[in-house]
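Trainee: Attaching a single structure in structure tokens format; questions to follow.
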Amino acid sequence: MLIPLLSNTKEINGEIKLPPSKSISNRALFLAALSGTPIVLENLSQCDDTLAFMRAINSDKGLIDIGAAGTAMRFATALLSQRSGQYILTGSERMKQRPIGILVDALRQLGAKITYTENEGFPPLNITGTILKGESITIDASISSQYISALMMLASSLPNGLTINIIGNWISKAYIEMTRTIMMQFGIPVTISENQIIISNAQSTIKRYAIESDWSAASYWYELLAIKGVGKIYLIGLFKNSCQGDAKIGELFKHFFGIETEFVEDGIIITHSSIAVNQKMIYDFTNEPDMAQTFAVCCCLINKHFYFSGLQSLKIKETDRITALINELAKLGFRLTTPTENELCWNGEKNDINTHISIETYHDHRMAMAFAPVALRYAINIENPEVISKSYPTFWNDFKTTLSF
């Protein structure tokens, strides 16, 4: 997808109806599937990840192809493990490289019958649904919060509930807090302490559940405004008291980029201020790893040096996002380095810029959307732009409408 140079855009003014949160949608679907009574889910996401999980929930076939939907793979593994039937749960080639052994081992502690059909510790999985039992398990929290979220929701259906003992350093804990909040909204009590999560056997007590818009999707509009330096964008469907960890982007963009967030009745209005902000962005993304790409591109484009840590989960996402950022920002002349395995920084080092800039997306929706605002500085080509359907199907239409090209 060729995007022309958009530097002549005088000011950005837009009104965007953000997509529903896929993270909330998938958790609501999981809990609704466990409920003994029908629950109406309002504003359910229609992105690829959510549709993939819906197919898994509704499937009565043995083979289920989850595609590239990581959350759906983890959640479906837990859900199907206690559902009568025989299932082969598979996905894209990249999905077959994304580890799932920690979750499978935890489920086996509960009596799950799961084997690997290809490589040990990775999908595809052969799942024979069975009655799960168990009152206590131990799991490493330093790899993926999705494993723990899947176990938390599953726990509410176990006869005696479940105590999850945590070892290792928590990562993406905001997503675990999101899971707790949603479970409690469904009427399921959850207790989280420093190294333990306790869930009792309980069924949902609600009839309807409304899903809020996606704060992760909002980040690309904050980025656009930060790079342009002037304008106002109205983002519909976001609220101050959100259960989404990525709601912190408003605070981060104000602190480091001077973007103001005003909460109104049905969303937010973001504007660029002239307030002086920090010259360098130093931040630990342990709890907001999905935002690292947005901030890396944004910092480079406005010449703000940065030092990011807490990136340990980026290597097992849709692609190795650390390597992808280094490769694609190099095409724009920015030379990024990795001081240690889970860090990324840029101290101003630059190389020559490619004459024709073509950004590879690596089948990663966030690569496409994080690099789209680069068009404010350079004409670019975004390869495989359709990957945005994974989380934000209307992104390109919103982008074109806002920038009038």
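Residues are named by chain letter and number: chains run A, B, ... in the order of the structure tokens, numbers start at 1 in each chain, and ligands are numbered from 1 in the order shown.
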Counting only C-alpha atoms, what is within 8 Å of A:Ala368, bar same-chain residues fewer than 3 positions away, as a PyMOL selection string?

Mentor: chain A and resi 359+361+364-365+371-372+382-383+385+387-388

Trainee: Using only C-alpha atoms, which residues sit within 8 Å of stretch 213-227 of chain A once same-chain residues fewer than 6 positions away are excluded, as a PyMOL selection string?

Mentor: chain A and resi 12+18-22+233+235-238+244+246-247+249+253+257-259+270-272+290-291+294-295+298+301-302+369-370+373+376+392

Trainee: Could you write out that same residue set with N, CA and C atoms as an mmCIF file, in the first residue's frame?

Mentor:
```cif
data_model
loop_
_atom_site.group_PDB
_atom_site.id
_atom_site.type_symbol
_atom_site.label_atom_id
_atom_site.label_comp_id
_atom_site.auth_asym_id
_atom_site.auth_seq_id
_atom_site.Cartn_x
_atom_site.Cartn_y
_atom_site.Cartn_z
ATOM 1 N N ILE A 12 -4.285 18.301 11.711
ATOM 2 C CA ILE A 12 -5.064 17.069 11.783
ATOM 3 C C ILE A 12 -6.310 17.318 12.627
ATOM 4 N N LEU A 18 -13.447 4.246 17.433
ATOM 5 C CA LEU A 18 -12.465 3.188 17.640
ATOM 6 C C LEU A 18 -13.124 1.811 17.698
ATOM 7 N N PRO A 19 -12.394 0.770 17.310
ATOM 8 C CA PRO A 19 -12.961 -0.589 17.378
ATOM 9 C C PRO A 19 -13.094 -1.048 18.821
ATOM 10 N N PRO A 20 -13.970 -2.019 19.071
ATOM 11 C CA PRO A 20 -14.058 -2.600 20.408
ATOM 12 C C PRO A 20 -12.739 -3.274 20.785
ATOM 13 N N SER A 21 -12.467 -3.335 22.054
ATOM 14 C CA SER A 21 -11.256 -3.989 22.535
ATOM 15 C C SER A 21 -11.318 -5.496 22.277
ATOM 16 N N LYS A 22 -10.320 -6.024 21.558
ATOM 17 C CA LYS A 22 -10.274 -7.466 21.323
ATOM 18 C C LYS A 22 -9.893 -8.196 22.607
ATOM 19 N N ILE A 233 -8.031 15.455 17.694
ATOM 20 C CA ILE A 233 -8.703 14.230 17.258
ATOM 21 C C ILE A 233 -9.677 13.783 18.348
ATOM 22 N N LEU A 235 -11.748 10.761 19.742
ATOM 23 C CA LEU A 235 -11.737 9.305 19.726
ATOM 24 C C LEU A 235 -12.930 8.798 20.536
ATOM 25 N N ILE A 236 -13.843 8.130 19.866
ATOM 26 C CA ILE A 236 -15.104 7.717 20.475
ATOM 27 C C ILE A 236 -14.986 6.345 21.138
ATOM 28 N N GLY A 237 -15.550 6.235 22.337
ATOM 29 C CA GLY A 237 -15.672 4.928 22.982
ATOM 30 C C GLY A 237 -14.681 4.643 24.081
ATOM 31 N N LEU A 238 -13.840 5.632 24.459
ATOM 32 C CA LEU A 238 -12.862 5.437 25.531
ATOM 33 C C LEU A 238 -13.339 6.123 26.804
ATOM 34 N N GLN A 244 -8.411 -1.481 30.898
ATOM 35 C CA GLN A 244 -7.318 -1.777 29.985
ATOM 36 C C GLN A 244 -6.014 -1.140 30.454
ATOM 37 N N ASP A 246 -3.462 -0.520 28.705
ATOM 38 C CA ASP A 246 -2.951 0.424 27.709
ATOM 39 C C ASP A 246 -3.605 1.797 27.813
ATOM 40 N N ALA A 247 -4.566 1.947 28.720
ATOM 41 C CA ALA A 247 -5.129 3.278 28.972
ATOM 42 C C ALA A 247 -4.052 4.235 29.478
ATOM 43 N N ILE A 249 -1.503 5.050 28.041
ATOM 44 C CA ILE A 249 -0.868 5.804 26.948
ATOM 45 C C ILE A 249 -1.180 7.286 27.031
ATOM 46 N N PHE A 253 1.845 9.837 26.723
ATOM 47 C CA PHE A 253 1.943 10.821 25.641
ATOM 48 C C PHE A 253 1.928 12.252 26.173
ATOM 49 N N PHE A 257 5.395 13.660 25.256
ATOM 50 C CA PHE A 257 5.149 14.278 23.951
ATOM 51 C C PHE A 257 4.226 15.490 23.995
ATOM 52 N N GLY A 258 3.706 15.836 25.161
ATOM 53 C CA GLY A 258 2.879 17.032 25.269
ATOM 54 C C GLY A 258 1.494 16.905 24.667
ATOM 55 N N ILE A 259 0.946 15.682 24.633
ATOM 56 C CA ILE A 259 -0.414 15.480 24.112
ATOM 57 C C ILE A 259 -1.400 15.495 25.286
ATOM 58 N N ILE A 270 -8.082 14.526 21.998
ATOM 59 C CA ILE A 270 -6.644 14.694 22.214
ATOM 60 C C ILE A 270 -6.139 15.867 21.384
ATOM 61 N N THR A 271 -5.289 16.679 21.999
ATOM 62 C CA THR A 271 -4.720 17.856 21.331
ATOM 63 C C THR A 271 -3.241 17.951 21.664
ATOM 64 N N HIS A 272 -2.499 18.617 20.786
ATOM 65 C CA HIS A 272 -1.073 18.826 21.030
ATOM 66 C C HIS A 272 -0.889 20.160 21.740
ATOM 67 N N ASP A 290 2.595 -4.085 24.109
ATOM 68 C CA ASP A 290 2.043 -3.839 22.774
ATOM 69 C C ASP A 290 2.245 -2.408 22.309
ATOM 70 N N MET A 291 2.635 -1.530 23.206
ATOM 71 C CA MET A 291 2.808 -0.121 22.850
ATOM 72 C C MET A 291 4.235 0.232 22.452
ATOM 73 N N THR A 294 4.722 1.555 18.800
ATOM 74 C CA THR A 294 4.189 2.899 18.611
ATOM 75 C C THR A 294 5.173 3.944 19.123
ATOM 76 N N PHE A 295 5.676 3.745 20.334
ATOM 77 C CA PHE A 295 6.555 4.743 20.937
ATOM 78 C C PHE A 295 7.935 4.764 20.284
ATOM 79 N N CYS A 298 7.454 6.714 17.028
ATOM 80 C CA CYS A 298 7.150 8.102 17.353
ATOM 81 C C CYS A 298 8.398 8.846 17.813
ATOM 82 N N LEU A 301 10.794 9.593 14.876
ATOM 83 C CA LEU A 301 10.289 10.582 13.921
ATOM 84 C C LEU A 301 10.347 12.016 14.448
ATOM 85 N N ILE A 302 10.352 12.192 15.769
ATOM 86 C CA ILE A 302 10.461 13.558 16.308
ATOM 87 C C ILE A 302 11.822 13.780 16.969
ATOM 88 N N MET A 369 0.383 -0.459 11.630
ATOM 89 C CA MET A 369 -0.240 0.746 12.170
ATOM 90 C C MET A 369 0.769 1.692 12.814
ATOM 91 N N ALA A 370 1.785 1.153 13.465
ATOM 92 C CA ALA A 370 2.797 2.010 14.095
ATOM 93 C C ALA A 370 3.600 2.784 13.062
ATOM 94 N N PRO A 373 2.030 6.502 10.443
ATOM 95 C CA PRO A 373 2.275 7.937 10.586
ATOM 96 C C PRO A 373 3.608 8.423 10.019
ATOM 97 N N LEU A 376 3.891 11.221 7.374
ATOM 98 C CA LEU A 376 3.986 12.663 7.634
ATOM 99 C C LEU A 376 5.385 13.196 7.343
ATOM 100 N N TYR A 392 -7.841 -4.111 14.131
ATOM 101 C CA TYR A 392 -8.460 -2.821 13.811
ATOM 102 C C TYR A 392 -8.818 -2.814 12.324
#
```

Trainee: As an MDAnalysis selection string, please: the residues near A:Ala68 (cut-off 7 Å, only C-alpha atoms, same-chain neighbours under 6 positions excluded).

Mentor: chainID A and resid 91:92 95

Trainee: Restricting the output to N, CA and C atoms, write the selected residues as a compact mmCIF listing (two decimals), in the first residue's frame.

Mentor:
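Saved to part14.txt:
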```txt
# COMPACT_ATOMS: atom_id res chain seq x y z
N GLY A 91 -2.57 -23.51 13.80
CA GLY A 91 -2.54 -22.10 13.41
C GLY A 91 -1.55 -21.85 12.30
N SER A 92 -1.21 -20.60 12.11
CA SER A 92 -0.28 -20.21 11.05
C SER A 92 1.12 -20.76 11.34
N MET A 95 2.44 -19.12 14.30
CA MET A 95 1.81 -19.63 15.52
C MET A 95 2.50 -20.91 15.98
```

Trainee: To one decimal place in Å, what is the distance between atom CA of A:Glu386 and atom CA of A:Ser7?

Mentor: 24.2 Å

Trainee: Hey, which of A:Ser149, A:Ser358, A:Ser309, A:Asn195 ends up closest to A:Thr338? Count only C-alpha atoms.

Mentor: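 So, comparing all the options, the nearest one is A:Ser309.
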
Trainee: Would you mind listing what lies within 8 Å of stretch 38-51 of chain A as an mmCIF file with C-alpha atoms, in the first residue's frame, with only C-alpha atoms counted and same-chain residues fewer than 3 positions away left out?

Mentor:
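What follows is the written file part_6.cif:
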```cif
data_model
loop_
_atom_site.group_PDB
_atom_site.id
_atom_site.type_symbol
_atom_site.label_atom_id
_atom_site.label_comp_id
_atom_site.auth_asym_id
_atom_site.auth_seq_id
_atom_site.Cartn_x
_atom_site.Cartn_y
_atom_site.Cartn_z
ATOM 1 C CA PRO A 19 -12.961 -0.589 17.378
ATOM 2 C CA PRO A 20 -14.058 -2.600 20.408
ATOM 3 C CA SER A 21 -11.256 -3.989 22.535
ATOM 4 C CA LYS A 22 -10.274 -7.466 21.323
ATOM 5 C CA SER A 25 -14.018 -9.229 23.760
ATOM 6 C CA ASN A 26 -12.052 -12.475 24.007
ATOM 7 C CA ALA A 28 -16.023 -11.882 27.673
ATOM 8 C CA LEU A 29 -16.474 -14.672 25.110
ATOM 9 C CA ALA A 32 -19.889 -16.349 28.440
ATOM 10 C CA SER A 35 -21.829 -19.570 31.782
ATOM 11 C CA MET A 54 -15.519 -17.438 18.225
ATOM 12 C CA ARG A 55 -14.912 -20.154 15.625
ATOM 13 C CA ALA A 68 -2.327 -15.971 13.726
ATOM 14 C CA ALA A 69 -4.519 -15.233 16.773
ATOM 15 C CA GLY A 70 -2.253 -15.702 19.786
ATOM 16 C CA THR A 71 -4.813 -14.867 22.465
ATOM 17 C CA ALA A 72 -7.343 -17.162 20.801
ATOM 18 C CA ILE A 206 -25.137 -11.145 34.473
ATOM 19 C CA LYS A 207 -27.363 -11.114 31.379
ATOM 20 C CA ARG A 208 -25.618 -8.430 29.290
ATOM 21 C CA TYR A 209 -22.086 -7.117 29.034
ATOM 22 C CA ALA A 210 -20.913 -4.029 27.113
ATOM 23 C CA ILE A 211 -17.386 -3.982 25.664
ATOM 24 C CA GLU A 212 -15.473 -0.703 25.612
ATOM 25 C CA SER A 389 -7.693 -6.771 10.337
ATOM 26 C CA LYS A 390 -6.196 -8.715 13.249
ATOM 27 C CA SER A 391 -7.255 -5.957 15.664
ATOM 28 C CA TYR A 392 -8.460 -2.821 13.811
ATOM 29 C CA PRO A 393 -10.223 -3.692 10.521
#
```

Trainee: Record the distance separating atom CA of A:Thr37 and atom CA of A:Asp60, expressed in Å with one decimal.

Mentor: 19.7 Å

Trainee: Can you pull out every residue from stretch 35-276 of chain A that DSSP, working from the backbone, puts in helix (DSSP H, G or I), and format the result as an MDAnalysis selection string?

Mentor: chainID A and resid 48:58 70:81 95:97 101:109 145:155 173:185 215:228 245:257

Trainee: Using only C-alpha atoms, which of the listed residues (A:Glu288, A:Gly231, A:Thr117, A:Asn169) sits closest to A:Ile269?

Mentor: A:Gly231

Trainee: Compile the contact shell of A:Arg335 as a VMD selection string: residues with an atom at most 7 Å away, counting only C-alpha atoms, same-chain residues fewer than 5 positions apart removed.

Mentor: chain A and resid 330 346 349 to 351

Trainee: Output N, CA and C atoms of each residue in that selection to a file, as an mmCIF file, in the first residue's frame.

Mentor:
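For reference, out.cif as written:
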```cif
data_model
loop_
_atom_site.group_PDB
_atom_site.id
_atom_site.type_symbol
_atom_site.label_atom_id
_atom_site.label_comp_id
_atom_site.auth_asym_id
_atom_site.auth_seq_id
_atom_site.Cartn_x
_atom_site.Cartn_y
_atom_site.Cartn_z
ATOM 1 N N ALA A 330 15.713 1.110 10.479
ATOM 2 C CA ALA A 330 16.979 1.309 9.764
ATOM 3 C C ALA A 330 16.730 1.827 8.352
ATOM 4 N N TRP A 346 17.698 4.119 21.285
ATOM 5 C CA TRP A 346 18.198 4.952 20.180
ATOM 6 C C TRP A 346 18.761 6.222 20.785
ATOM 7 N N GLU A 349 21.849 7.922 16.675
ATOM 8 C CA GLU A 349 22.687 7.440 15.566
ATOM 9 C C GLU A 349 21.841 7.277 14.310
ATOM 10 N N LYS A 350 22.387 7.759 13.177
ATOM 11 C CA LYS A 350 21.635 7.698 11.921
ATOM 12 C C LYS A 350 22.508 7.202 10.775
ATOM 13 N N ASN A 351 21.853 6.566 9.828
ATOM 14 C CA ASN A 351 22.482 6.142 8.580
ATOM 15 C C ASN A 351 21.767 6.826 7.428
#
```

Trainee: For A:Phe285, which residue out of A:Lys317, A:Ser172, A:Lys228, A:Val190 is the nearest one, using only C-alpha atoms?

Mentor: A:Ser172

Trainee: Just how far from atom CA of A:Leu325 is atom CA of A:Tyr147, in Å to one decimal?

Mentor: 25.6 Å

Trainee: Return the single residue from A:Thr130, A:Thr90, A:Ser204, A:Thr261 that is closest to A:Phe30, with distances computed using only C-alpha atoms.

Mentor: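 The shortest atom-to-atom distance to A:Phe30 comes from A:Ser204.
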
Trainee: So, with only C-alpha atoms as the atoms that count, which of A:Gly121, A:Gly101, A:Gly245, A:Pro289 lies closest to A:Asp140?

Mentor: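 For A:Asp140, the nearest of the candidates is A:Gly101.
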
Trainee: Which residues are near A:Asn165? Cut-off 8 Å, only C-alpha atoms, ignore same chain within fewer than 4 positions. Put them as a list of chain:residue names.

Mentor: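 Final neighbour list, sorted by chain and number: A:Ser136, A:Ile137, A:Thr138, A:Ile139, A:Asn195, A:Gln196, A:Ile197.
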
Trainee: Please determine, counting only C-alpha atoms, which residue among A:Asn397, A:Gln293, A:Ser313, A:Asn327 has the shortest atom-to-atom distance to A:Asn342.

Mentor: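 Answer, going by the shortest atom-to-atom distance: A:Ser313.
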
Trainee: Stretch 174-183 of chain A: which residues within 9 Å, counting only C-alpha atoms, same-chain residues fewer than 2 positions away excluded, as a ChimeraX atom specification?

Mentor: /A:23-24,27-28,31,145-146,148-150,152-153,171-172,185-192,204,242-246,287-288

Trainee: Among the residues of stretch 10-53 of chain A, find those DSSP assigns to strand (DSSP E) from the backbone and print them as a list in words.

Mentor: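 Strand (DSSP E) members of stretch 10-53 of chain A, listed: Ile12, Asn13, Gly14, Glu15, Ile16, Lys17, Val40, Leu41 and Glu42 of chain A.
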